[in-house]
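J.: My structure is stored as model.txt, with compact mmCIF, C-alpha atoms and all ligand atoms.
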```
# COMPACT_ATOMS: atom_id res chain seq x y z
CA MET A 1 10.29 8.31 14.99
CA PRO A 2 6.96 10.15 15.36
CA VAL A 3 7.46 13.68 16.63
CA THR A 4 4.52 14.56 18.83
CA ARG A 5 3.70 17.07 21.52
CA ALA A 6 3.97 14.18 24.01
CA LEU A 7 7.67 13.86 23.15
CA PHE A 8 8.19 17.38 24.48
CA ASN A 9 7.49 16.23 28.02
CA GLU A 10 9.89 13.31 27.63
CA VAL A 11 12.89 15.21 26.30
CA MET A 12 12.50 18.91 27.16
CA VAL A 13 13.05 20.91 30.33
CA PRO A 14 9.54 21.81 31.52
CA ASN A 15 10.02 25.62 31.54
CA TYR A 16 7.54 25.96 28.65
CA ASN A 17 4.10 24.49 28.13
CA PRO A 18 3.67 24.68 24.35
CA ALA A 19 0.37 24.30 22.52
CA ALA A 20 -0.88 20.90 21.43
CA ILE A 21 -0.28 21.57 17.73
CA ILE A 22 3.15 21.52 16.10
CA PRO A 23 3.51 23.95 13.19
CA VAL A 24 5.69 22.68 10.37
CA ARG A 25 5.46 25.33 7.65
CA GLY A 26 4.76 29.03 7.22
CA GLU A 27 4.26 31.42 4.33
CA GLY A 28 3.48 35.10 4.76
CA SER A 29 0.96 35.37 7.58
CA ARG A 30 -0.25 31.77 7.34
CA VAL A 31 1.09 28.74 9.18
CA TRP A 32 0.29 25.02 8.82
CA ASP A 33 0.59 22.33 11.48
CA GLN A 34 1.49 18.62 11.18
CA GLU A 35 -2.13 17.78 10.35
CA GLY A 36 -2.29 20.38 7.60
CA GLN A 37 -4.54 22.68 9.60
CA GLU A 38 -3.98 26.29 8.57
CA PHE A 39 -3.66 29.30 10.88
CA VAL A 40 -3.68 33.03 10.34
CA ASP A 41 -0.74 34.44 12.28
CA PHE A 42 -1.49 37.58 14.31
CA ALA A 43 1.44 36.80 16.67
CA GLY A 44 4.54 36.55 14.49
CA GLY A 45 6.27 34.45 17.13
CA ILE A 46 6.32 37.13 19.78
CA ALA A 47 6.58 40.27 17.65
CA VAL A 48 9.49 38.70 15.76
CA SER A 49 8.36 37.70 12.25
CA CYS A 50 8.03 41.27 10.97
CA LEU A 51 7.96 40.16 7.32
CA GLY A 52 5.87 37.07 7.97
CA HIS A 53 7.20 33.58 7.31
CA CYS A 54 9.78 32.76 4.63
CA HIS A 55 9.81 36.20 3.01
CA PRO A 56 11.84 35.87 -0.22
CA ALA A 57 14.23 38.69 0.78
CA MET A 58 15.11 36.81 3.98
CA VAL A 59 15.32 33.41 2.31
CA ASN A 60 17.59 34.84 -0.40
CA ALA A 61 19.88 36.64 2.05
CA LEU A 62 20.15 33.55 4.24
CA THR A 63 20.82 31.06 1.47
CA GLU A 64 23.24 33.38 -0.32
CA GLN A 65 25.23 33.93 2.86
CA ALA A 66 24.96 30.22 3.77
CA ASN A 67 26.82 29.40 0.58
CA LYS A 68 29.56 31.96 1.33
CA LEU A 69 30.53 32.05 4.99
CA TRP A 70 28.77 31.07 8.21
CA HIS A 71 31.07 31.89 11.03
CA LEU A 72 34.35 33.51 11.95
CA SER A 73 34.23 34.57 15.64
CA ASN A 74 34.96 38.13 16.67
CA VAL A 75 38.68 37.61 16.22
CA MET A 76 37.80 38.84 12.76
CA THR A 77 35.05 41.12 11.54
CA ASN A 78 32.80 40.42 8.57
CA GLU A 79 31.08 42.29 5.76
CA PRO A 80 27.42 41.68 6.70
CA ALA A 81 28.00 42.91 10.28
CA LEU A 82 29.69 46.11 9.14
CA ARG A 83 27.06 46.78 6.48
CA LEU A 84 24.25 46.30 8.99
CA ALA A 85 25.98 48.46 11.62
CA LYS A 86 26.44 51.21 9.05
CA LYS A 87 22.75 51.09 8.15
CA LEU A 88 21.67 51.10 11.81
CA THR A 89 23.87 54.08 12.66
CA ASP A 90 22.79 55.97 9.53
CA ALA A 91 19.13 55.43 10.44
CA THR A 92 19.25 56.29 14.16
CA PHE A 93 20.75 58.59 16.82
CA ALA A 94 23.45 55.99 17.37
CA GLU A 95 27.06 56.04 16.19
CA ARG A 96 28.20 52.65 17.49
CA VAL A 97 26.73 49.14 17.51
CA TYR A 98 27.34 46.00 19.55
CA PHE A 99 25.82 42.79 18.19
CA ALA A 100 24.35 40.07 20.38
CA ASN A 101 22.04 37.11 19.79
CA SER A 102 18.90 38.11 21.68
CA GLY A 103 17.06 40.90 23.42
CA ALA A 104 18.27 39.88 26.84
CA GLU A 105 21.87 39.96 25.63
CA ALA A 106 21.41 43.38 24.04
CA ASN A 107 20.01 44.68 27.35
CA GLU A 108 22.74 42.93 29.32
CA ALA A 109 25.32 44.76 27.23
CA ALA A 110 23.46 48.05 27.74
CA LEU A 111 23.42 47.61 31.51
CA LYS A 112 27.08 46.58 31.71
CA LEU A 113 28.05 49.51 29.52
CA ALA A 114 26.08 51.93 31.72
CA ARG A 115 27.76 50.61 34.87
CA ARG A 116 31.20 50.87 33.24
CA TRP A 117 30.51 54.38 31.91
CA ALA A 118 29.46 55.53 35.39
CA LEU A 119 32.43 53.87 37.09
CA ASP A 120 34.92 55.43 34.67
CA ASN A 121 33.38 58.90 34.81
CA PHE A 122 32.09 59.24 38.37
CA GLY A 123 33.37 56.38 40.56
CA GLU A 124 31.84 53.23 41.99
CA GLN A 125 29.16 54.88 44.13
CA LYS A 126 27.27 55.77 40.95
CA ASN A 127 25.80 52.34 40.34
CA GLN A 128 22.04 52.61 40.84
CA ILE A 129 19.86 51.31 38.03
CA ILE A 130 16.20 52.26 37.99
CA ALA A 131 13.55 50.44 36.01
CA PHE A 132 9.79 50.08 36.08
CA ASN A 133 7.25 47.74 37.61
CA LYS A 134 5.83 45.31 35.05
CA GLY A 135 8.73 46.09 32.69
CA PHE A 136 10.34 43.18 30.86
CA HIS A 137 13.97 43.13 29.75
CA GLY A 138 14.84 39.46 29.26
CA ARG A 139 15.81 36.41 31.31
CA THR A 140 19.50 36.68 32.10
CA PHE A 141 19.91 37.20 35.82
CA PHE A 142 20.86 40.88 35.45
CA THR A 143 18.08 41.72 32.95
CA VAL A 144 15.39 39.73 34.76
CA THR A 145 16.30 41.52 37.99
CA VAL A 146 16.04 44.89 36.23
CA GLY A 147 12.68 43.72 34.86
CA GLY A 148 9.76 44.63 37.06
CA GLN A 149 8.26 41.25 37.84
CA GLU A 150 9.69 39.57 40.89
CA ALA A 151 7.95 36.33 39.99
CA TYR A 152 10.53 35.99 37.19
CA SER A 153 13.62 36.90 39.25
CA ASP A 154 12.86 35.27 42.62
CA GLY A 155 14.11 31.82 43.49
CA PHE A 156 17.59 31.96 42.01
CA GLY A 157 19.58 33.12 45.00
CA PRO A 158 21.23 36.51 45.53
CA LYS A 159 20.37 39.05 42.84
CA PRO A 160 22.57 41.70 41.25
CA GLY A 161 22.33 44.76 43.49
CA ALA A 162 21.58 48.48 43.32
CA ILE A 163 18.44 47.98 41.21
CA GLU A 164 15.24 49.88 42.06
CA HIS A 165 11.75 49.85 40.60
CA VAL A 166 9.05 52.49 40.42
CA ASP A 167 5.66 52.62 38.73
CA TYR A 168 5.53 53.26 35.00
CA ASN A 169 4.15 56.67 34.02
CA ASP A 170 4.73 57.92 37.58
CA LEU A 171 7.30 60.68 37.27
CA ALA A 172 7.07 61.79 40.91
CA SER A 173 8.07 58.31 42.12
CA LEU A 174 11.01 58.26 39.75
CA GLU A 175 12.11 61.70 40.88
CA ALA A 176 11.92 60.56 44.51
CA VAL A 177 14.36 57.66 44.06
CA MET A 178 16.73 59.31 41.58
CA SER A 179 19.94 60.95 42.72
CA ASP A 180 23.48 61.56 41.54
CA GLN A 181 24.10 57.88 42.38
CA THR A 182 21.75 56.85 39.59
CA CYS A 183 23.76 55.38 36.75
CA ALA A 184 20.93 54.55 34.35
CA VAL A 185 17.20 54.35 33.84
CA MET A 186 16.01 51.45 31.69
CA ILE A 187 12.56 51.73 30.13
CA GLU A 188 10.37 50.37 27.36
CA PRO A 189 8.79 53.32 25.49
CA LEU A 190 5.69 51.13 25.38
CA GLN A 191 5.51 48.21 27.80
CA GLY A 192 4.90 45.02 25.80
CA GLU A 193 4.84 42.02 28.11
CA GLY A 194 3.51 44.22 30.92
CA GLY A 195 0.15 44.67 29.17
CA VAL A 196 0.76 46.84 26.06
CA VAL A 197 0.91 50.05 28.09
CA PRO A 198 2.13 53.20 26.30
CA ALA A 199 4.27 55.76 28.09
CA ASP A 200 2.78 59.24 28.40
CA GLN A 201 4.65 61.80 26.34
CA ALA A 202 5.17 64.11 29.33
CA PHE A 203 6.43 61.19 31.39
CA LEU A 204 9.09 60.23 28.82
CA GLU A 205 10.20 63.84 28.54
CA GLY A 206 10.37 64.00 32.33
CA VAL A 207 12.46 60.81 32.49
CA ARG A 208 14.90 62.31 29.97
CA ALA A 209 15.11 65.55 31.98
CA LEU A 210 15.76 63.68 35.24
CA CYS A 211 18.50 61.61 33.58
CA ASP A 212 20.12 64.82 32.32
CA LYS A 213 19.84 66.46 35.74
CA HIS A 214 21.54 63.54 37.51
CA ASN A 215 24.02 62.59 34.78
CA ALA A 216 22.35 59.22 34.31
CA LEU A 217 22.06 57.31 31.05
CA LEU A 218 18.65 56.72 29.51
CA ILE A 219 18.35 53.21 28.09
CA PHE A 220 15.41 52.45 25.82
CA ASP A 221 14.55 48.78 25.57
CA GLU A 222 13.09 48.67 22.07
CA VAL A 223 13.38 44.91 21.72
CA GLN A 224 9.62 44.68 21.16
CA THR A 225 8.78 48.21 19.94
CA GLY A 226 11.68 48.46 17.51
CA PHE A 227 12.30 47.75 13.85
CA GLY A 228 9.10 49.17 12.43
CA ARG A 229 6.68 47.71 14.94
CA THR A 230 5.14 51.05 15.94
CA GLY A 231 5.26 52.66 12.49
CA SER A 232 8.72 54.23 12.69
CA LEU A 233 11.99 52.32 12.59
CA TYR A 234 12.25 52.87 16.36
CA ALA A 235 9.50 54.08 18.68
CA TYR A 236 11.72 56.80 20.21
CA GLU A 237 11.52 58.73 16.91
CA GLN A 238 7.83 59.40 17.54
CA THR A 239 8.36 60.50 21.15
CA GLY A 240 10.85 63.28 20.51
CA VAL A 241 12.94 61.75 23.31
CA THR A 242 16.31 60.34 22.35
CA PRO A 243 17.92 57.68 24.53
CA ASP A 244 21.65 57.28 25.20
CA ILE A 245 21.54 53.54 24.63
CA LEU A 246 18.97 51.49 22.75
CA ALA A 247 18.48 47.72 22.75
CA THR A 248 16.92 46.05 19.72
CA ALA A 249 16.21 42.40 18.85
CA LYS A 250 13.03 40.43 18.01
CA ALA A 251 11.98 41.92 14.62
CA LEU A 252 15.61 42.89 13.95
CA GLY A 253 16.25 39.41 12.57
CA GLY A 254 12.75 38.74 11.27
CA GLY A 255 13.04 35.26 12.80
CA PHE A 256 16.79 34.74 12.76
CA PRO A 257 18.33 35.23 16.22
CA ILE A 258 20.09 38.58 16.55
CA GLY A 259 20.15 41.47 18.99
CA ALA A 260 21.99 44.77 19.04
CA MET A 261 22.86 47.56 21.39
CA LEU A 262 23.08 51.02 19.83
CA THR A 263 24.77 53.99 21.46
CA THR A 264 26.84 57.13 20.92
CA ALA A 265 30.56 57.13 20.15
CA GLU A 266 31.35 58.81 23.46
CA ILE A 267 29.51 56.28 25.61
CA ALA A 268 30.68 53.33 23.51
CA GLU A 269 34.31 54.19 24.39
CA HIS A 270 33.77 52.60 27.79
CA LEU A 271 33.36 49.09 26.41
CA LYS A 272 37.07 48.83 25.73
CA VAL A 273 38.77 45.80 24.20
CA GLY A 274 38.11 42.77 26.37
CA THR A 275 35.34 44.25 28.53
CA HIS A 276 32.46 42.38 26.91
CA GLY A 277 31.82 39.93 24.10
CA SER A 278 29.94 37.05 22.54
CA THR A 279 30.98 34.09 20.42
CA TYR A 280 28.09 34.34 17.99
CA GLY A 281 27.23 38.06 18.27
CA GLY A 282 27.46 39.71 14.86
CA ASN A 283 27.84 36.47 12.95
CA PRO A 284 27.54 36.75 9.15
CA LEU A 285 24.34 34.72 8.78
CA ALA A 286 22.36 36.76 11.31
CA CYS A 287 23.65 40.08 10.02
CA ALA A 288 22.99 39.21 6.37
CA VAL A 289 19.38 38.33 7.18
CA SER A 290 18.91 41.41 9.34
CA GLU A 291 20.29 43.67 6.64
CA ALA A 292 17.80 42.22 4.15
CA VAL A 293 14.96 42.70 6.65
CA MET A 294 16.01 46.29 7.26
CA ASP A 295 16.07 47.06 3.53
CA VAL A 296 12.41 46.09 3.39
CA VAL A 297 11.21 47.43 6.74
CA ASN A 298 12.92 50.81 6.72
CA THR A 299 10.95 52.16 3.77
CA PRO A 300 8.03 54.62 3.72
CA GLU A 301 5.78 51.97 2.14
CA VAL A 302 6.20 49.51 4.99
CA LEU A 303 6.29 52.05 7.83
CA GLU A 304 3.23 53.92 6.57
CA GLY A 305 1.61 50.55 5.89
CA VAL A 306 1.98 49.73 9.60
CA LYS A 307 -0.17 52.74 10.48
CA ALA A 308 -2.80 51.82 7.87
CA LYS A 309 -2.90 48.23 9.15
CA GLU A 310 -3.14 49.48 12.74
CA GLN A 311 -6.35 51.24 11.72
CA LEU A 312 -7.73 48.04 10.14
CA PHE A 313 -6.97 46.14 13.36
CA ARG A 314 -8.56 48.83 15.52
CA ASN A 315 -11.68 49.03 13.34
CA ALA A 316 -12.16 45.26 13.39
CA LEU A 317 -11.57 44.99 17.14
CA ASN A 318 -13.95 47.86 17.85
CA ALA A 319 -16.62 46.24 15.68
CA ILE A 320 -16.18 42.93 17.53
CA ASN A 321 -16.40 44.77 20.82
CA GLU A 322 -19.60 46.59 19.85
CA LYS A 323 -21.19 43.23 19.22
CA HIS A 324 -19.79 41.23 22.12
CA ASN A 325 -18.74 43.80 24.75
CA VAL A 326 -15.52 42.21 25.99
CA PHE A 327 -12.88 45.00 25.96
CA THR A 328 -12.45 48.21 27.91
CA GLU A 329 -10.07 49.60 25.31
CA VAL A 330 -7.74 48.80 22.43
CA ARG A 331 -4.35 50.38 23.08
CA GLY A 332 -0.79 50.37 21.82
CA GLN A 333 0.81 51.73 18.71
CA GLY A 334 1.30 50.50 15.17
CA LEU A 335 1.14 46.71 15.10
CA LEU A 336 1.78 46.27 18.80
CA LEU A 337 -1.83 46.35 19.99
CA GLY A 338 -3.53 45.14 23.13
CA ALA A 339 -7.24 44.57 23.70
CA ALA A 340 -7.80 44.99 27.43
CA LEU A 341 -10.56 42.75 28.77
CA ASN A 342 -13.39 44.27 30.77
CA GLU A 343 -14.52 43.31 34.28
CA ASN A 344 -16.53 40.28 33.05
CA PHE A 345 -13.49 38.69 31.42
CA LYS A 346 -10.68 39.79 33.76
CA GLY A 347 -8.00 37.12 34.09
CA LYS A 348 -9.25 35.25 31.03
CA ALA A 349 -6.92 36.41 28.26
CA ARG A 350 -5.69 32.85 27.83
CA ASP A 351 -9.23 31.65 27.10
CA PHE A 352 -9.28 33.98 24.10
CA LEU A 353 -5.91 32.67 22.92
CA VAL A 354 -7.06 29.04 23.21
CA ALA A 355 -10.41 29.74 21.49
CA SER A 356 -8.59 31.61 18.72
CA ALA A 357 -6.25 28.66 18.11
CA GLU A 358 -9.31 26.41 17.82
CA GLU A 359 -10.63 28.74 15.12
CA GLY A 360 -7.30 28.74 13.26
CA LEU A 361 -5.81 31.98 14.53
CA MET A 362 -2.62 32.70 16.45
CA VAL A 363 -2.79 35.59 18.92
CA LEU A 364 -0.82 36.41 22.07
CA VAL A 365 -1.62 37.54 25.56
CA ALA A 366 0.16 40.19 27.64
CA GLY A 367 -0.46 39.21 31.22
CA THR A 368 -3.85 37.74 32.14
CA ASP A 369 -6.08 40.66 31.12
CA VAL A 370 -4.88 41.67 27.65
CA VAL A 371 -5.08 39.93 24.26
CA ARG A 372 -2.05 41.06 22.25
CA PHE A 373 -1.64 41.37 18.48
CA THR A 374 1.83 41.60 16.90
CA PRO A 375 1.39 40.45 13.30
CA SER A 376 3.75 40.76 10.36
CA LEU A 377 4.27 44.41 9.39
CA ILE A 378 3.31 43.50 5.83
CA ILE A 379 0.28 41.34 6.59
CA SER A 380 -2.24 41.62 3.75
CA GLU A 381 -5.69 43.14 4.11
CA ASP A 382 -7.19 39.74 3.22
CA ASP A 383 -5.28 38.04 6.03
CA ILE A 384 -6.43 40.72 8.48
CA THR A 385 -10.06 40.29 7.39
CA GLU A 386 -9.90 36.49 7.59
CA GLY A 387 -8.04 36.53 10.93
CA MET A 388 -10.57 38.94 12.41
CA ALA A 389 -13.47 36.77 11.22
CA ARG A 390 -11.85 33.88 13.08
CA PHE A 391 -11.21 36.08 16.11
CA GLU A 392 -14.85 37.07 16.23
CA LYS A 393 -15.87 33.40 16.31
CA ALA A 394 -13.39 32.83 19.14
CA VAL A 395 -14.75 35.79 21.09
CA ALA A 396 -18.32 34.56 20.61
CA LYS A 397 -17.26 31.15 21.93
CA VAL A 398 -15.65 32.61 25.06
CA VAL A 399 -18.71 34.81 25.67
CA ALA A 400 -21.06 31.83 25.25
CA ALA A 401 -18.98 29.72 27.64
CA GLN A 402 -19.04 32.57 30.15
CA GLN A 403 -22.83 32.86 29.92
CA ALA A 404 -23.26 29.10 30.30
CA SER A 405 -21.18 28.96 33.49
C1 LIG A 501 11.24 39.89 24.33
C2 LIG A 501 11.82 41.03 25.08
C3 LIG A 501 13.09 40.95 25.67
C4 LIG A 501 13.90 39.67 25.67
O1 LIG A 501 14.30 39.28 24.41
P1 LIG A 501 14.93 37.80 24.21
O2 LIG A 501 15.32 37.78 22.77
O3 LIG A 501 13.84 36.84 24.58
O4 LIG A 501 16.08 37.69 25.14
C5 LIG A 501 13.60 42.08 26.26
N1 LIG A 501 12.91 43.23 26.31
C6 LIG A 501 11.68 43.35 25.77
C7 LIG A 501 10.97 44.66 25.82
C8 LIG A 501 11.09 42.25 25.15
O5 LIG A 501 9.86 42.36 24.63
```
Represent the supplied structure as structure tokens.
T.:
Amino acid sequence: MPVTRALFNEVMVPNYNPAAIIPVRGEGSRVWDQEGQEFVDFAGGIAVSCLGHCHPAMVNALTEQANKLWHLSNVMTNEPALRLAKKLTDATFAERVYFANSGAEANEAALKLARRWALDNFGEQKNQIIAFNKGFHGRTFFTVTVGGQEAYSDGFGPKPGAIEHVDYNDLASLEAVMSDQTCAVMIEPLQGEGGVVPADQAFLEGVRALCDKHNALLIFDEVQTGFGRTGSLYAYEQTGVTPDILATAKALGGGFPIGAMLTTAEIAEHLKVGTHGSTYGGNPLACAVSEAVMDVVNTPEVLEGVKAKEQLFRNALNAINEKHNVFTEVRGQGLLLGAALNENFKGKARDFLVASAEEGLMVLVAGTDVVRFTPSLIISEDDITEGMARFEKAVAKVVAAQQAS
């Protein structure tokens, strides 16, 4: 049976509209489609493939574990899960870990834990959750409602309640809605999907102070910023602001599905036996891969390499911009970078993505006005140079089409 893009429309729910090509193989930061066409990968899925494709450490960990033990359920624990949890707690503020299978599930656990913590400690009136416009926290009904884009949460009937939104980087608005009824504030330290928008340092410090003042928990959603992406294992380390709960996924598995919620021992107490769970969460395969990824990522070589590669990306993007004048700025941190389109190209981020694919380059967008780059954390200088040469051709194409219209 020929597997084609056309088959997608025949057999799949239409919630996605995937590209025309079907990739079949990847190695490092290169990917090949069914026709053998090669792509440089500046996307890494969506900030997932932090060691590129088929990194030997991941392949070894997966195949080794695959020959030992795949699954037990949480009726029993397993060695890879405990080893990974130990490494995560040793490397962060956290003392306890809950494993899930995705970012949304890690955030769902964080939100449920916050509600339970507040109920146990203060009573049921303390249930307000505050999050930020344009924030993204996943697609379960709770997390998508906490996310700051109504387009994603509308149309599914009654939503979970007591959730408020204010503008990102607007401390006065947050202060105005916060009270002793606030149970938690959920925030990305750098908004990914919302346009690669960094939080101001003073704002994050202010959020922490308001949470302390009102006895509310601060939840950092580091699903996109975490696991080396910004040049430290977690982005919070570079802000000087420590959350009470942290959600991590995406790069955590390097391409194998896994998510985790990290927190303190004191807060963790409130997820007592039976209060929450997952069939697959913390399964040996996912945890074995994640442990191998962490052993590579959480090293000075890789984390400092992220900052060096960020500079290469910024230099190349600035050079392209000097020639073609398409961006207002390049923003973000580490290898989570966004090139914001100027007035002439507003709303056209997708055109850049499509033109890039035609030139053999995978990039992402963040909204309609930002081209996003989230490559492997260990992408080689050669791959960056080649990818940027292709990106420049794509930019020139979009500019030419614009001038012709
Ligand atoms: C991708 C993302 C999520 C959702 O993760 P899934 O694994 O798709 O559920 C949540 N929060 C942020 C910040 C993300 O970037």
J.: What's the 9 Å shell around A:Ala316, counting only C-alpha atoms, without same-chain residues fewer than 3 positions away, as a ChimeraX atom specification?
T.: /A:311-313,319-321,384-385,388-389
J.: Could you list, as a ChimeraX atom specification, all protein and nucleic acid residues with an atom at most 10 Å from ligand LIG 501 (chain A), counting all atoms listed in the file?
T.: /A:46-48,100-108,135-140,143-144,147,187-194,220-226,247-251,257-259
J.: To one decimal in Å, tell me the separation between atom CA of A:Arg30 and atom CA of A:Leu361.
T.: 9.1 Å
J.: What gap, in Å, lies between atom CA of A:Ser232 and atom CA of A:Thr77?
T.: 29.4 Å
J.: List as an MDAnalysis selection string the protein and nucleic acid residues near A:Val326, meaning an atom at most 10 Å away when all atoms listed in the file are counted, but skip any in the same chain fewer than 6 places from it.
T.: chainID A and resid 320 339:346 395:396 398:399
J.: For each of A:Tyr152, A:Asn127, A:Lys309, A:Leu335, take the minimum atom-to-atom distance to A:Asp383, counting all atoms listed in the file, then give the residue where this is smallest.
T.: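 Using all atoms listed in the file, the shortest distance to A:Asp383 belongs to A:Lys309.
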J.: Using only C-alpha atoms, which residues sit within 7 Å of A:Thr263 once same-chain residues fewer than 3 positions away are excluded, as a list of chain:residue names?
T.: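 Within the cut-off, the hits are A:Ala94, A:Glu95, A:Arg96, A:Val97, A:Asp244, A:Ile245, A:Leu246, A:Ile267, A:Ala268.
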J.: Include C-alpha atoms and write out the residues we just selected as an mmCIF file, in the coordinates of the input.
T.:
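The resulting file, selection19.cif, is reproduced below:
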```cif
data_model
loop_
_atom_site.group_PDB
_atom_site.id
_atom_site.type_symbol
_atom_site.label_atom_id
_atom_site.label_comp_id
_atom_site.auth_asym_id
_atom_site.auth_seq_id
_atom_site.Cartn_x
_atom_site.Cartn_y
_atom_site.Cartn_z
ATOM 1 C CA ALA A 94 23.450 55.990 17.370
ATOM 2 C CA GLU A 95 27.060 56.040 16.190
ATOM 3 C CA ARG A 96 28.200 52.650 17.490
ATOM 4 C CA VAL A 97 26.730 49.140 17.510
ATOM 5 C CA ASP A 244 21.650 57.280 25.200
ATOM 6 C CA ILE A 245 21.540 53.540 24.630
ATOM 7 C CA LEU A 246 18.970 51.490 22.750
ATOM 8 C CA ILE A 267 29.510 56.280 25.610
ATOM 9 C CA ALA A 268 30.680 53.330 23.510
#
```
J.: Fewer than 5 positions away in the same chain doesn't count, so skip those; otherwise give me all residues within 8 Å of A:Val196, counting all atoms listed in the file, as a list in words.
T.: Leu190, Gln191, Arg331, Gly332, Leu336, Leu337, Gly338, Ala366, Val370 and Arg372 of chain A
J.: In Å, with one decimal, what is the gap from atom CA of A:Ala109 to atom CA of A:Asp180?
T.: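 Taking atom CA of A:Ala109 as the start and atom CA of A:Asp180 as the end point, the length is 22.1 Å.
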J.: Write out as a list in words the residues lying within 6 Å of stretch 31-44 of chain A, counting all atoms listed in the file and excluding same-chain residues fewer than 6 positions away.
T.: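 Non-adjacent residues within range: Ile22, Pro23, Val24, Arg25, Gly360, Leu361, Met362, Val363, Leu364, Phe373, Thr374, Pro375, Ser376 and Gly387 of chain A.
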J.: Check the smallest atom-to-atom distance from each of A:Lys213, A:Arg350, A:Lys134, A:Arg390 to A:Asp167 using all atoms listed in the file, then report the winner.
T.: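 Between A:Lys213, A:Arg350, A:Lys134, A:Arg390, the residue approaching A:Asp167 most closely is A:Lys134.
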J.: Nearest to A:Leu72 among A:Asn121, A:Thr145, A:Asn283, A:Thr242, with distances taken over only C-alpha atoms: which residue is it?
T.: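 Looking at the shortest contact to A:Leu72, the residue is A:Asn283.
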J.: I need the residue nearest A:Gly52 from this list: A:Val185, A:Ala286, A:Ser29, A:Glu79. Use only C-alpha atoms for the distance.
T.: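 Distance minimum relative to A:Gly52 lands on A:Ser29.
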J.: Of the candidates A:Gln333, A:Thr230, A:Asn9, A:Thr89, which shows the shortest atom-to-atom distance to A:Thr264, using all atoms listed in the file?
T.: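 Distance minimum relative to A:Thr264 lands on A:Thr89.
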J.: Name the residues, using the chain letters and numbers of the file, that sit within 8 Å of (5.0, 17.0, 20.4) when counting all atoms listed in the file, and give them as an mmCIF file with C-alpha atoms, keeping the file's coordinate frame.
T.:
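Result saved to result28.cif:
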```cif
data_model
loop_
_atom_site.group_PDB
_atom_site.id
_atom_site.type_symbol
_atom_site.label_atom_id
_atom_site.label_comp_id
_atom_site.auth_asym_id
_atom_site.auth_seq_id
_atom_site.Cartn_x
_atom_site.Cartn_y
_atom_site.Cartn_z
ATOM 1 C CA VAL A 3 7.460 13.680 16.630
ATOM 2 C CA THR A 4 4.520 14.560 18.830
ATOM 3 C CA ARG A 5 3.700 17.070 21.520
ATOM 4 C CA ALA A 6 3.970 14.180 24.010
ATOM 5 C CA LEU A 7 7.670 13.860 23.150
ATOM 6 C CA PHE A 8 8.190 17.380 24.480
ATOM 7 C CA ALA A 20 -0.880 20.900 21.430
ATOM 8 C CA ILE A 21 -0.280 21.570 17.730
ATOM 9 C CA ILE A 22 3.150 21.520 16.100
#
```
J.: From the set A:Val166, A:Leu233, A:Leu262, A:Ala288, which residue has the shortest atom-to-atom contact distance to A:Ala110, counting only C-alpha atoms?
T.: A:Leu262
J.: Where's the centre, and what are the edge lengths in Å to one decimal, of a box along x, y and z enclosing all listed atoms of stretch 318-333 of chain A padded 6 Å per side, as JSON?
T.:
```
{"center_x": -10.2, "center_y": 46.5, "center_z": 21.8, "size_x": 34.0, "size_y": 22.5, "size_z": 24.2}
```
